[in-house]
>>> print(open('data.txt').read())   # compact mmCIF, C-alpha atoms
# COMPACT_ATOMS: atom_id res chain seq x y z
CA MET A 1 80.76 108.16 81.52
CA SER A 2 81.45 109.08 85.15
CA ILE A 3 78.62 110.66 87.10
CA PRO A 4 79.62 113.58 89.38
CA SER A 5 78.86 113.02 93.04
CA GLU A 6 76.87 115.48 95.13
CA SER A 7 80.10 116.95 96.47
CA GLU A 8 80.97 118.25 93.02
CA ARG A 9 79.94 121.35 91.10
CA VAL A 10 76.78 122.37 89.28
CA ILE A 11 76.85 121.75 85.50
CA ILE A 12 75.74 124.70 83.36
CA PHE A 13 73.83 123.65 80.23
CA ASP A 14 73.25 126.61 77.92
CA THR A 15 70.30 126.46 75.54
CA THR A 16 70.49 130.04 74.20
CA LEU A 17 71.07 128.70 70.68
CA ARG A 18 68.11 126.31 70.84
CA ASP A 19 65.36 127.38 73.25
CA GLY A 20 66.62 130.96 73.39
CA GLU A 21 66.37 131.26 69.61
CA GLN A 22 62.71 130.26 69.88
CA SER A 23 61.97 133.74 71.26
CA PRO A 24 59.74 135.55 68.73
CA GLY A 25 62.00 137.64 66.51
CA ALA A 26 65.26 136.17 67.83
CA THR A 27 66.22 134.10 64.77
CA LEU A 28 69.97 133.66 64.26
CA ASN A 29 71.86 132.63 61.13
CA ALA A 30 74.64 130.03 61.20
CA GLU A 31 77.43 132.62 61.47
CA GLU A 32 75.73 134.37 64.38
CA LYS A 33 75.15 131.06 66.16
CA LEU A 34 78.83 130.20 65.76
CA THR A 35 79.88 133.60 67.14
CA ILE A 36 77.70 133.10 70.22
CA ALA A 37 78.87 129.49 70.64
CA ARG A 38 82.50 130.60 70.69
CA GLN A 39 81.70 133.18 73.38
CA LEU A 40 79.76 130.58 75.40
CA ALA A 41 82.89 128.40 75.32
CA ARG A 42 84.95 131.34 76.64
CA LEU A 43 82.31 131.89 79.31
CA GLY A 44 82.92 128.32 80.46
CA VAL A 45 79.55 126.63 79.98
CA ASP A 46 79.75 122.85 80.25
CA VAL A 47 77.17 122.03 77.57
CA ILE A 48 76.02 124.03 74.54
CA GLU A 49 72.66 122.93 73.14
CA ALA A 50 73.43 124.13 69.63
CA GLY A 51 70.05 123.54 68.03
CA PHE A 52 67.39 121.14 66.77
CA PRO A 53 69.06 119.51 63.71
CA TYR A 54 65.96 117.85 62.23
CA SER A 55 63.91 121.07 62.30
CA SER A 56 65.60 122.64 59.26
CA ARG A 57 68.60 122.32 56.96
CA GLY A 58 69.94 125.61 58.35
CA ASP A 59 69.78 124.39 61.94
CA PHE A 60 71.42 121.09 60.95
CA GLU A 61 74.33 122.93 59.33
CA ALA A 62 74.68 125.36 62.26
CA VAL A 63 74.87 122.48 64.76
CA GLN A 64 77.37 120.68 62.52
CA GLN A 65 79.57 123.78 62.25
CA ILE A 66 79.51 124.40 66.00
CA ALA A 67 80.30 120.73 66.63
CA ASP A 68 83.29 121.03 64.30
CA LEU A 69 84.71 124.41 65.37
CA VAL A 70 83.69 124.72 69.05
CA GLY A 71 83.29 121.07 70.08
CA THR A 72 87.02 120.49 70.52
CA PRO A 73 88.45 117.99 73.04
CA SER A 74 89.07 120.84 75.51
CA GLY A 75 85.79 122.58 74.69
CA PRO A 76 82.22 122.09 75.91
CA ILE A 77 79.89 119.18 75.22
CA ILE A 78 77.88 119.96 72.06
CA CYS A 79 74.26 118.85 72.27
CA GLY A 80 71.53 118.48 69.67
CA LEU A 81 67.82 118.23 70.47
CA ALA A 82 65.65 115.46 69.01
CA ARG A 83 62.10 114.33 69.53
CA ALA A 84 61.74 110.68 70.49
CA SER A 85 61.72 109.53 66.86
CA GLU A 86 64.32 107.77 64.72
CA LYS A 87 64.46 110.52 62.08
CA ASP A 88 65.11 113.25 64.65
CA ILE A 89 67.73 111.22 66.51
CA LYS A 90 69.55 110.17 63.34
CA ALA A 91 69.71 113.80 62.16
CA ALA A 92 71.10 114.92 65.52
CA ALA A 93 73.72 112.14 65.48
CA GLU A 94 74.82 113.12 61.96
CA ALA A 95 75.08 116.83 62.81
CA LEU A 96 77.06 116.11 65.98
CA LYS A 97 79.62 113.77 64.34
CA PRO A 98 82.47 116.36 64.29
CA ALA A 99 82.18 117.06 68.06
CA ALA A 100 84.73 115.53 70.41
CA LYS A 101 82.02 115.28 73.10
CA PRO A 102 78.60 114.90 71.43
CA ARG A 103 75.29 114.59 73.30
CA ILE A 104 71.86 113.71 71.96
CA HIS A 105 68.99 115.18 73.96
CA THR A 106 65.73 113.38 73.22
CA PHE A 107 62.31 114.04 74.71
CA ILE A 108 58.68 112.97 74.84
CA ALA A 109 55.79 114.43 76.82
CA THR A 110 54.55 112.63 79.95
CA SER A 111 51.72 114.81 81.31
CA ASP A 112 48.18 113.55 80.79
CA ILE A 113 47.15 116.78 79.04
CA HIS A 114 49.97 116.38 76.49
CA LEU A 115 49.29 112.67 76.04
CA GLU A 116 45.59 113.25 75.37
CA TYR A 117 45.64 116.39 73.22
CA LYS A 118 49.10 116.54 71.63
CA LEU A 119 50.48 113.01 71.30
CA LYS A 120 47.20 111.08 71.39
CA LYS A 121 49.04 108.18 73.00
CA THR A 122 48.62 106.09 76.13
CA ARG A 123 51.06 105.99 79.04
CA LYS A 124 52.07 102.49 78.01
CA GLU A 125 52.94 103.67 74.50
CA VAL A 126 54.97 106.62 75.81
CA LEU A 127 56.86 104.37 78.22
CA GLN A 128 57.80 102.04 75.37
CA ILE A 129 58.82 104.87 73.02
CA ALA A 130 60.98 106.51 75.70
CA GLY A 131 62.95 103.33 76.30
CA GLU A 132 63.35 102.46 72.63
CA MET A 133 64.41 105.94 71.51
CA VAL A 134 66.93 106.39 74.33
CA ALA A 135 68.45 103.05 73.32
CA TYR A 136 68.48 104.19 69.67
CA ALA A 137 70.26 107.44 70.61
CA LYS A 138 72.71 105.40 72.69
CA SER A 139 73.65 103.45 69.55
CA PHE A 140 75.16 106.69 68.16
CA VAL A 141 76.67 108.41 71.22
CA ASP A 142 77.60 107.50 74.80
CA ASP A 143 76.14 110.71 76.25
CA VAL A 144 72.33 110.68 76.05
CA GLU A 145 69.99 113.06 77.83
CA PHE A 146 66.29 112.30 78.21
CA SER A 147 63.50 114.77 79.05
CA PRO A 148 59.92 113.91 80.00
CA GLU A 149 58.30 117.06 78.60
CA ASP A 150 55.87 118.85 80.95
CA ALA A 151 57.27 116.90 83.92
CA GLY A 152 56.00 119.63 86.23
CA ARG A 153 52.41 118.61 85.45
CA SER A 154 53.02 114.88 85.11
CA GLU A 155 51.71 112.28 87.57
CA PRO A 156 54.76 111.50 89.78
CA GLU A 157 54.40 107.71 89.77
CA PHE A 158 54.32 107.61 85.97
CA LEU A 159 57.22 110.06 85.81
CA TYR A 160 59.34 107.79 88.04
CA GLU A 161 58.54 104.83 85.78
CA VAL A 162 59.52 106.68 82.59
CA LEU A 163 62.77 107.96 84.11
CA GLU A 164 63.69 104.48 85.35
CA ARG A 165 63.10 103.07 81.84
CA ALA A 166 65.17 105.85 80.20
CA ILE A 167 68.13 105.30 82.55
CA ALA A 168 67.93 101.53 82.11
CA ASN A 169 68.24 102.07 78.35
CA GLY A 170 71.28 104.31 78.61
CA ALA A 171 70.30 107.87 79.57
CA THR A 172 73.21 109.49 81.43
CA THR A 173 71.26 112.69 82.23
CA VAL A 174 67.56 112.93 83.01
CA ASN A 175 66.16 116.42 82.64
CA ILE A 176 63.04 117.54 84.52
CA PRO A 177 61.31 120.33 82.59
CA ASP A 178 58.80 122.78 84.02
CA THR A 179 57.77 123.31 80.40
CA VAL A 180 54.97 125.79 81.06
CA GLY A 181 56.48 127.61 84.07
CA TYR A 182 53.71 126.39 86.37
CA THR A 183 55.44 125.10 89.50
CA THR A 184 56.49 127.00 92.62
CA PRO A 185 59.90 126.54 94.30
CA ALA A 186 58.62 124.28 97.09
CA GLU A 187 56.76 122.08 94.59
CA PHE A 188 59.74 121.87 92.23
CA GLY A 189 62.13 121.02 95.05
CA ALA A 190 59.76 118.30 96.24
CA LEU A 191 59.53 116.92 92.68
CA ILE A 192 63.33 116.56 92.49
CA LYS A 193 63.46 115.03 95.96
CA GLY A 194 60.73 112.55 94.98
CA ILE A 195 62.70 111.51 91.90
CA LYS A 196 65.84 110.93 93.97
CA GLU A 197 63.91 108.81 96.45
CA ASN A 198 61.68 106.84 94.06
CA VAL A 199 63.64 106.13 90.86
CA PRO A 200 65.68 103.00 91.75
CA ASN A 201 68.53 103.60 89.27
CA ILE A 202 68.75 107.40 89.63
CA ASP A 203 72.32 107.09 90.93
CA ARG A 204 73.34 106.20 87.35
CA ALA A 205 72.29 109.58 85.93
CA ILE A 206 72.68 113.31 86.56
CA ILE A 207 69.44 115.10 87.44
CA SER A 208 68.98 118.20 85.30
CA VAL A 209 66.27 120.88 85.34
CA HIS A 210 64.75 123.07 82.62
CA GLY A 211 62.13 125.71 83.27
CA HIS A 212 60.28 128.70 81.88
CA ASP A 213 59.62 132.00 83.59
CA ASP A 214 55.88 132.42 83.03
CA LEU A 215 55.33 133.23 86.72
CA GLY A 216 58.77 134.77 87.28
CA LEU A 217 59.84 131.73 89.35
CA ALA A 218 62.29 129.87 87.07
CA VAL A 219 65.51 130.87 88.86
CA ALA A 220 63.99 130.32 92.31
CA ASN A 221 62.73 126.89 91.17
CA PHE A 222 66.20 125.91 89.95
CA LEU A 223 67.95 126.98 93.15
CA GLU A 224 65.48 124.90 95.13
CA ALA A 225 66.17 122.00 92.77
CA VAL A 226 69.91 122.28 93.48
CA LYS A 227 69.18 122.00 97.20
CA ASN A 228 67.31 118.77 96.50
CA GLY A 229 69.87 117.09 94.27
CA ALA A 230 69.72 118.61 90.76
CA ARG A 231 73.26 119.00 89.39
CA GLN A 232 72.66 120.39 85.89
CA LEU A 233 70.85 123.65 85.16
CA GLU A 234 69.48 124.34 81.67
CA CYS A 235 69.41 128.09 81.12
CA THR A 236 69.90 130.91 78.61
CA ILE A 237 71.81 134.18 78.42
CA ASN A 238 69.54 137.08 79.45
CA GLY A 239 66.82 134.49 80.18
CA ILE A 240 65.57 134.56 76.57
CA GLY A 241 63.33 131.79 75.24
CA GLU A 242 59.76 130.70 74.53
CA ARG A 243 57.02 132.99 75.92
CA ALA A 244 58.38 134.64 79.12
CA GLY A 245 61.78 133.02 78.59
CA ASN A 246 63.98 130.51 80.39
CA ALA A 247 65.82 130.53 83.67
CA SER A 248 68.56 133.15 83.33
CA LEU A 249 72.15 131.84 83.26
CA GLU A 250 73.65 134.99 84.76
CA GLU A 251 71.17 135.06 87.65
CA LEU A 252 71.71 131.39 88.49
CA VAL A 253 75.50 131.57 88.29
CA MET A 254 75.78 134.75 90.36
CA ALA A 255 73.28 133.49 92.95
CA LEU A 256 75.46 130.38 93.41
CA HIS A 257 78.58 132.59 93.44
CA VAL A 258 77.45 135.32 95.82
CA ARG A 259 75.59 132.93 98.15
CA ARG A 260 77.97 129.97 98.01
CA GLN A 261 78.24 129.80 101.80
CA TYR A 262 74.50 129.10 101.81
CA PHE A 263 74.63 126.52 98.97
CA ASN A 264 77.94 124.80 99.90
CA PRO A 265 76.39 122.33 102.40
CA PHE A 266 73.85 121.14 99.81
CA LEU A 267 76.77 120.05 97.64
CA GLY A 268 78.61 118.40 100.52
CA ARG A 269 81.15 121.23 100.88
CA PRO A 270 82.31 123.04 104.02
CA VAL A 271 80.19 126.15 104.64
CA ASP A 272 83.16 128.50 104.28
CA SER A 273 84.56 126.92 101.08
CA ALA A 274 85.52 129.63 98.58
CA ALA A 275 85.64 127.24 95.62
CA SER A 276 83.30 128.12 92.77
CA LEU A 277 80.16 126.00 92.43
CA THR A 278 80.26 126.26 88.61
CA ASN A 279 82.92 126.37 85.88
CA ILE A 280 81.73 129.76 84.63
CA ASP A 281 84.21 132.63 84.21
CA THR A 282 81.91 135.29 85.67
CA ARG A 283 84.05 138.10 84.16
CA GLN A 284 82.70 137.04 80.74
CA ILE A 285 79.04 137.41 81.75
CA TYR A 286 78.44 141.04 80.74
CA LYS A 287 80.24 140.67 77.40
CA THR A 288 78.20 137.54 76.60
CA SER A 289 74.97 139.28 77.55
CA ARG A 290 75.67 142.22 75.24
CA LEU A 291 76.64 139.92 72.36
CA VAL A 292 73.43 137.88 72.62
CA SER A 293 71.32 141.02 72.95
CA SER A 294 72.98 142.57 69.89
CA LEU A 295 72.68 139.52 67.62
CA THR A 296 69.14 138.51 68.62
CA GLY A 297 67.74 142.03 68.84
CA MET A 298 66.32 141.13 72.28
CA LEU A 299 66.94 144.20 74.42
CA VAL A 300 67.82 143.76 78.09
CA GLN A 301 65.49 145.67 80.40
CA PRO A 302 67.38 148.31 82.46
CA ASN A 303 66.35 146.79 85.80
CA LYS A 304 67.30 143.22 84.78
CA ALA A 305 69.25 141.48 87.54
CA ILE A 306 73.03 141.19 87.01
CA VAL A 307 73.27 142.54 83.44
CA GLY A 308 70.67 145.35 83.26
CA ALA A 309 71.95 148.90 82.72
CA ASN A 310 70.80 149.85 86.23
CA ALA A 311 72.05 146.72 88.02
CA PHE A 312 75.09 148.57 89.38
CA ALA A 313 73.75 152.16 89.08
CA HIS A 314 72.85 154.39 92.04
CA GLU A 315 70.88 157.66 91.99
CA SER A 316 69.48 157.98 95.50
CA GLY A 317 71.68 160.31 97.59
CA ILE A 318 71.53 157.97 100.57
CA HIS A 319 72.65 155.01 98.46
CA GLN A 320 75.31 157.03 96.66
CA ASP A 321 76.81 158.29 99.90
CA GLY A 322 76.95 154.77 101.31
CA VAL A 323 78.48 153.23 98.18
CA LEU A 324 81.12 155.97 97.92
CA LYS A 325 82.14 155.23 101.51
CA ASN A 326 82.01 151.44 101.15
CA LYS A 327 80.49 149.53 98.21
CA LEU A 328 79.26 146.78 100.53
CA THR A 329 76.68 149.14 102.00
CA TYR A 330 74.44 148.75 98.95
CA GLU A 331 76.14 146.25 96.60
CA ILE A 332 76.26 142.49 97.21
CA MET A 333 78.65 141.85 94.33
CA ASP A 334 81.47 143.70 92.60
CA ALA A 335 80.65 145.07 89.13
CA GLN A 336 84.08 143.86 88.01
CA SER A 337 83.11 140.26 88.84
CA ILE A 338 80.80 140.17 85.79
CA GLY A 339 83.18 142.06 83.49
CA LEU A 340 82.16 145.68 84.08
CA THR A 341 84.84 148.25 84.93
CA ASP A 342 82.92 149.78 87.86
CA ASN A 343 79.51 150.74 89.20
CA LEU A 344 77.70 153.87 88.00
CA ILE A 345 76.87 156.91 90.10
CA THR A 346 74.06 158.71 88.26
CA LEU A 347 73.41 162.37 89.02
CA GLY A 348 69.72 163.15 89.37
CA LYS A 349 67.26 165.00 91.55
CA LEU A 350 67.78 162.48 94.39
CA SER A 351 71.58 162.71 94.36
CA GLY A 352 73.44 164.12 97.36
CA ARG A 353 76.47 166.34 97.93
CA ASN A 354 78.93 163.44 98.19
CA ALA A 355 77.98 162.12 94.75
CA PHE A 356 78.12 165.61 93.24
CA ARG A 357 81.52 166.26 94.78
CA THR A 358 82.83 162.89 93.52
CA ARG A 359 81.60 163.59 89.98
CA LEU A 360 83.26 167.05 89.98
CA LEU A 361 86.53 165.45 91.07
CA GLU A 362 86.24 162.89 88.27
>>> encode(input="data.txt", output="structure tokens")
Amino acid sequence: MSIPSESERVIIFDTTLRDGEQSPGATLNAEEKLTIARQLARLGVDVIEAGFPYSSRGDFEAVQQIADLVGTPSGPIICGLARASEKDIKAAAEALKPAAKPRIHTFIATSDIHLEYKLKKTRKEVLQIAGEMVAYAKSFVDDVEFSPEDAGRSEPEFLYEVLERAIANGATTVNIPDTVGYTTPAEFGALIKGIKENVPNIDRAIISVHGHDDLGLAVANFLEAVKNGARQLECTINGIGERAGNASLEELVMALHVRRQYFNPFLGRPVDSAASLTNIDTRQIYKTSRLVSSLTGMLVQPNKAIVGANAFAHESGIHQDGVLKNKLTYEIMDAQSIGLTDNLITLGKLSGRNAFRTRLLE
């Protein structure tokens, strides 16, 4: 498997169907998961984490169906999650068999608090399990991703050691999760930089990031990670997921799109390059957001960035007047770029004459 260089794009790994479905009340049946998976393929995501096959018969069958019907040679990589155990990995491998490009994503915790209270294992035991289970996953598929769970609170030196062992045993992607949404952007960027500088074989793997939004910092953390060498972002539509949710796909993609002159140099591109930093068809974003919201029952807050009902709405007379004269006065992106037909001028007590006149003409 070839590893993209820093001059290439950012890989979008969508976990709406796995971590996103772990939102309380967001359970999806197999048909609904397939519907969303097909739309994610149209959206242009590189990897769909379709589920956790060992967790239930229903999830196994949903992953298998997505692997068969969406995991075509021209489609996205289809990924299944597995704990670092033979039963989990074997179930994932079986479910992913129909996919043209299957990936097994296996994980084990590395923070001292998880080792002591959850796993009840020593660092030495975890190091051995990580290596053995990555190698076991590699016996089924070429594309193996490894995650040291709770990496954000793990001791860096031990983290480097575990990642080196995972890569040596065949991991092609190493994912760095801020599992509890604890880190700040500067800390997360420094963590990625430390991994690049201290894991001897890191050039043989893609650095990925996964993070939760408990402090509202997930997207900011990811963008800082990109600046420091991360090239895969694990995210969900509408930012749904455990507790406060995951990093939001639409916010990450549009931040990289709108601010590409800022991010270009970090990917070895000329500052003024107009080439997209991801493979996402941004015009499919709004449609995908509405589909996920409808099928999961997770409503999108009106002031949600990018896809909220008010994201392109203006009521203040000063703002309305400016936008009617030139959209760039108060809008940094075109509503049509995410699949909307236009922005929305809302008449209210703060509206001005220009907005009222425009509405009468309409």
>>> residues_near_point(input="data.txt", point="(78.1, 119.2, 64.4)", cutoff="6 Å", atoms="all atoms listed in the file", output="ChimeraX atom specification")
/A:63-68,95-99
>>> closest_atom_pairs(input="data.txt", of="stretch 31-149 of chain A", to="stretch 204-207 of chain A", cutoff="12 Å", atoms="all atoms listed in the file", output="Markdown table")
| residue | atom | partner | partner_atom | distance |
| --- | --- | --- | --- | --- |
| A:Asp143 | CA | A:Ala205 | CA | 10.5 |
| A:Val144 | CA | A:Ala205 | CA | 9.9 |
| A:Glu145 | CA | A:Ala205 | CA | 9.1 |
| A:Phe146 | CA | A:Ile207 | CA | 10.1 |
| A:Ser147 | CA | A:Ile207 | CA | 10.3 |
>>> residues_around(input="data.txt", residues="A:Lys227", least_positions_apart="3", cutoff="7 Å", atoms="only C-alpha atoms", output="PyMOL selection string")
chain A and resi 223-224+266
>>> write_last_selection(input="data.txt", atoms="C-alpha atoms", output="tab-separated table (two decimals), in the coordinates of the input")
chain	number	residue	atom	x	y	z
A	223	LEU	CA	67.95	126.98	93.15
A	224	GLU	CA	65.48	124.90	95.13
A	266	PHE	CA	73.85	121.14	99.81
>>> closest_residue(input="data.txt", among="A:Ile78, A:Ile192, A:Ile12, A:Ile48", to="A:Gly152", atoms="all atoms listed in the file")
A:Ile192
>>> atom_distance(input="data.txt", atom1="atom CA of A:Met254", atom2="atom CA of A:Pro73")
27.2 Å
>>> atom_distance(input="data.txt", atom1="atom CA of A:Pro265", atom2="atom CA of A:Ala225")
14.0 Å
>>> atom_distance(input="data.txt", atom1="atom CA of A:Gly51", atom2="atom CA of A:Val126")
24.0 Å
>>> closest_residue(input="data.txt", among="A:Asn228, A:Ala50, A:His257, A:Ala247", to="A:Ile195", atoms="all atoms listed in the file")
A:Asn228
>>> residues_around(input="data.txt", residues="stretch 38-44 of chain A", least_positions_apart="4", cutoff="7 Å", atoms="only C-alpha atoms", output="PyMOL selection string")
chain A and resi 34+70+75-76+279-281+284-285+288
>>> residues_around(input="data.txt", residues="A:Ala168", least_positions_apart="4", cutoff="8 Å", atoms="only C-alpha atoms", output="PDB file with C-alpha atoms, in the frame of the given file")
ATOM      1  CA  GLY A 131      62.950 103.330  76.300  1.00  0.00           C
ATOM      2  CA  GLU A 164      63.690 104.480  85.350  1.00  0.00           C
ATOM      3  CA  ASN A 201      68.530 103.600  89.270  1.00  0.00           C
TER       4      ASN A 201
END
>>> decode(input="data.txt", residues="stretch 239-249 of chain A", atoms="all heavy atoms", output="PDB file, in the first residue's frame")
ATOM      1  N   GLY A 239     -21.339  16.110  13.260  1.00  0.00           N
ATOM      2  CA  GLY A 239     -20.580  15.988  14.503  1.00  0.00           C
ATOM      3  C   GLY A 239     -21.211  15.071  15.528  1.00  0.00           C
ATOM      4  O   GLY A 239     -20.901  15.148  16.721  1.00  0.00           O
ATOM      5  N   ILE A 240     -22.092  14.143  15.096  1.00  0.00           N
ATOM      6  CA  ILE A 240     -22.764  13.269  16.069  1.00  0.00           C
ATOM      7  C   ILE A 240     -21.781  12.231  16.610  1.00  0.00           C
ATOM      8  O   ILE A 240     -20.753  11.953  16.004  1.00  0.00           O
ATOM      9  CB  ILE A 240     -24.016  12.596  15.477  1.00  0.00           C
ATOM     10  CG1 ILE A 240     -23.646  11.620  14.345  1.00  0.00           C
ATOM     11  CG2 ILE A 240     -25.015  13.639  14.994  1.00  0.00           C
ATOM     12  CD1 ILE A 240     -24.829  10.790  13.856  1.00  0.00           C
ATOM     13  N   GLY A 241     -22.112  11.658  17.763  1.00  0.00           N
ATOM     14  CA  GLY A 241     -21.245  10.648  18.362  1.00  0.00           C
ATOM     15  C   GLY A 241     -21.394  10.592  19.868  1.00  0.00           C
ATOM     16  O   GLY A 241     -22.252  11.258  20.449  1.00  0.00           O
ATOM     17  N   GLU A 242     -20.551   9.783  20.494  1.00  0.00           N
ATOM     18  CA  GLU A 242     -20.576   9.618  21.955  1.00  0.00           C
ATOM     19  C   GLU A 242     -20.533  10.979  22.671  1.00  0.00           C
ATOM     20  O   GLU A 242     -19.816  11.889  22.266  1.00  0.00           O
ATOM     21  CB  GLU A 242     -19.348   8.810  22.405  1.00  0.00           C
ATOM     22  CG  GLU A 242     -19.428   7.326  22.065  1.00  0.00           C
ATOM     23  CD  GLU A 242     -20.093   6.512  23.151  1.00  0.00           C
ATOM     24  OE1 GLU A 242     -20.709   7.109  24.049  1.00  0.00           O
ATOM     25  OE2 GLU A 242     -20.007   5.278  23.084  1.00  0.00           O
ATOM     26  N   ARG A 243     -21.301  11.095  23.737  1.00  0.00           N
ATOM     27  CA  ARG A 243     -21.333  12.286  24.610  1.00  0.00           C
ATOM     28  C   ARG A 243     -21.579  13.569  23.788  1.00  0.00           C
ATOM     29  O   ARG A 243     -22.640  13.734  23.196  1.00  0.00           O
ATOM     30  CB  ARG A 243     -20.030  12.385  25.424  1.00  0.00           C
ATOM     31  CG  ARG A 243     -19.745  11.146  26.275  1.00  0.00           C
ATOM     32  CD  ARG A 243     -18.512  11.334  27.146  1.00  0.00           C
ATOM     33  NE  ARG A 243     -17.374  11.882  26.445  1.00  0.00           N
ATOM     34  CZ  ARG A 243     -16.555  11.164  25.678  1.00  0.00           C
ATOM     35  NH1 ARG A 243     -16.727   9.867  25.525  1.00  0.00           N
ATOM     36  NH2 ARG A 243     -15.535  11.754  25.057  1.00  0.00           N
ATOM     37  N   ALA A 244     -20.601  14.456  23.724  1.00  0.00           N
ATOM     38  CA  ALA A 244     -20.767  15.731  23.004  1.00  0.00           C
ATOM     39  C   ALA A 244     -20.487  15.588  21.513  1.00  0.00           C
ATOM     40  O   ALA A 244     -20.492  16.578  20.777  1.00  0.00           O
ATOM     41  CB  ALA A 244     -19.844  16.795  23.608  1.00  0.00           C
ATOM     42  N   GLY A 245     -20.233  14.359  21.059  1.00  0.00           N
ATOM     43  CA  GLY A 245     -20.046  14.120  19.636  1.00  0.00           C
ATOM     44  C   GLY A 245     -18.605  14.098  19.184  1.00  0.00           C
ATOM     45  O   GLY A 245     -17.665  14.239  19.979  1.00  0.00           O
ATOM     46  N   ASN A 246     -18.437  13.929  17.879  1.00  0.00           N
ATOM     47  CA  ASN A 246     -17.124  13.859  17.236  1.00  0.00           C
ATOM     48  C   ASN A 246     -16.802  15.163  16.526  1.00  0.00           C
ATOM     49  O   ASN A 246     -17.655  16.047  16.396  1.00  0.00           O
ATOM     50  CB  ASN A 246     -17.120  12.742  16.175  1.00  0.00           C
ATOM     51  CG  ASN A 246     -17.048  11.359  16.773  1.00  0.00           C
ATOM     52  OD1 ASN A 246     -16.004  10.733  16.835  1.00  0.00           O
ATOM     53  ND2 ASN A 246     -18.196  10.854  17.222  1.00  0.00           N
ATOM     54  N   ALA A 247     -15.595  15.240  16.005  1.00  0.00           N
ATOM     55  CA  ALA A 247     -15.252  16.347  15.115  1.00  0.00           C
ATOM     56  C   ALA A 247     -16.198  16.286  13.918  1.00  0.00           C
ATOM     57  O   ALA A 247     -16.480  15.220  13.381  1.00  0.00           O
ATOM     58  CB  ALA A 247     -13.803  16.222  14.655  1.00  0.00           C
ATOM     59  N   SER A 248     -16.703  17.441  13.513  1.00  0.00           N
ATOM     60  CA  SER A 248     -17.710  17.532  12.464  1.00  0.00           C
ATOM     61  C   SER A 248     -17.072  17.516  11.072  1.00  0.00           C
ATOM     62  O   SER A 248     -16.215  18.341  10.768  1.00  0.00           O
ATOM     63  CB  SER A 248     -18.507  18.831  12.660  1.00  0.00           C
ATOM     64  OG  SER A 248     -19.181  19.197  11.494  1.00  0.00           O
ATOM     65  N   LEU A 249     -17.512  16.578  10.231  1.00  0.00           N
ATOM     66  CA  LEU A 249     -16.969  16.469   8.874  1.00  0.00           C
ATOM     67  C   LEU A 249     -17.149  17.761   8.100  1.00  0.00           C
ATOM     68  O   LEU A 249     -16.205  18.264   7.474  1.00  0.00           O
ATOM     69  CB  LEU A 249     -17.639  15.303   8.131  1.00  0.00           C
ATOM     70  CG  LEU A 249     -17.167  15.041   6.689  1.00  0.00           C
ATOM     71  CD1 LEU A 249     -17.241  13.547   6.366  1.00  0.00           C
ATOM     72  CD2 LEU A 249     -17.959  15.820   5.656  1.00  0.00           C
TER      73      LEU A 249
END
